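Asker: Here it is, the structure, as structure tokens.
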Amino acid sequence: MNHDSQPQTFYAGEFRHSLDEKNRLTIPARWRRGEAEEFIILPEPQNQFLLVMPEGEFARMSAHAQSNPSVSLRERRVFSRQLHARAQHGSSDKQGRLVLPEDLCRQLSLKGEVALVGGEGRFEIWNLQKWKRSQDEEKSTYQRVADVIGL
């Protein structure tokens with residue numbers, strides 16, 4: 001399957017949505033393509049939030065890790081094994097609802113209202129309290145970089 005044939009969705013913005021009793025989450029309308037979609041879902045390495053991305057974005061990220069000359073061959077093998085072991089498939093239905101794996105919801109304390117945060121070719125799902133703390137902790141870094149780039 002050629003993952004580059006589909007146009008890449010650009011995920012931007014922050015949204016608050018609630019998980020229902022079946023761990024279904026509605027993807028924001030502006031992030032949807034209008035049909036059921038396939039995603040890769042995995043916890044980020046520090047277990048702060050879930051990363052959600054189209055399969056093509058996951059394939060690009062995996063390929064980039066495999067071709068990175070600053071990472072040793074052994075590290076690439078270990079990373080690839082661990083990355084793919086942590087990744088889970090997910091799909092949205094026609095209404096844009098994505099079912100999140102129960103084990104990941106428990107692991108990351110995702111329940112009730114959560115924050116969906118855009119990140120170019122992927123988006124993040126955060127526990128709302130962790131997201132608020134992260135925003136507070138990262139504010140000075142954002143402001144400093146904004147000044148450096150002239151934003």
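In the structure tokens, chains take the letters A, B, ... in the order shown, each chain's residues start at 1, and ligands count up from 1 in the order shown.
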If we count only C-alpha atoms, what is near Ala36 (chain A) at a cut-off of 9 Å, once residues fewer than 4 positions away on the same chain are taken out, given as a VMD selection string?
Answerer: chain A and resid 32 91 to 97
Asker: What's around Leu51 (chain A) at 9 Å? Count only C-alpha atoms, leave out sequence neighbours fewer than 4 positions away in its own chain, and write the answer as a list in words.
Answerer: Ile40, Ile41, Leu42, Pro43, Glu44, Arg122, Phe123, Glu124 and Ile125 of chain A
Asker: Would you export the selected residues with C-alpha atoms as a CSV table (one decimal), in the first residue's frame, please?
Answerer:
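Written output follows (part-v5.csv):
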chain,number,residue,atom,x,y,z
A,40,ILE,CA,-2.0,4.1,14.5
A,41,ILE,CA,-2.3,4.8,18.3
A,42,LEU,CA,0.6,4.7,20.7
A,43,PRO,CA,1.7,6.2,24.0
A,44,GLU,CA,4.4,8.8,23.6
A,122,ARG,CA,-0.5,13.7,14.0
A,123,PHE,CA,-2.5,14.7,17.0
A,124,GLU,CA,-2.3,14.0,20.7
A,125,ILE,CA,-4.9,13.0,23.3
Asker: Please give the complete set of residues from region 19-139 of chain A that DSSP, run on the backbone, assigns to helix (DSSP H, G or I), formatted as a PyMOL selection string.
Answerer: chain A and resi 29-31+55-67+73-86+102-107+128-139
Asker: Can you tell me which residues surround region 60-69 of chain A at a distance of at most 9 Å, considering only C-alpha atoms, apart from same-chain residues fewer than 2 positions away, and format the answer as a ChimeraX atom specification?
Answerer: /A:3,55-58,71-73,76-77,79-80,83-84
Asker: Please run DSSP on the backbone and report, as a list in words, all residues within region 67-144 of chain A that come out as strand (DSSP E).
Answerer: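 Of region 67-144 of chain A, the ones in strand (DSSP E) are Gln88, His89, Gly90, Ser91, Arg97, Leu98, Val99, Glu113, Val114, Ala115, Leu116, Val117, Gly118, Gly119, Arg122, Phe123, Glu124, Ile125, Trp126 and Asn127 of chain A.
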Asker: Please determine, counting only C-alpha atoms, which residue among A:Glu37, A:Asp147, A:Glu14, A:Glu75 has the shortest atom-to-atom distance to Leu98 (chain A).
Answerer: A:Glu37
Asker: How many Å lie between CA of Leu100 (chain A) and CA of Arg30 (chain A), rounded to one decimal?
Answerer: 19.7 Å
Asker: My list of candidates is A:Arg106, A:Glu138, A:Pro45, A:Val99. Which is closest to Ile27 (chain A) when distances are computed with only C-alpha atoms?
Answerer: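 That would be A:Val99, the residue with the smallest distance to Ile27 (chain A).
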Asker: If I take CA of Ser18 (chain A) and CA of Gly112 (chain A), how far is one from the other in Å, to one decimal?
Answerer: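 These two atoms are separated by 5.0 Å.
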Asker: To one decimal place in Å, what is the distance between CA of Phe10 (chain A) and CA of Glu38 (chain A)?
Answerer: 15.5 Å
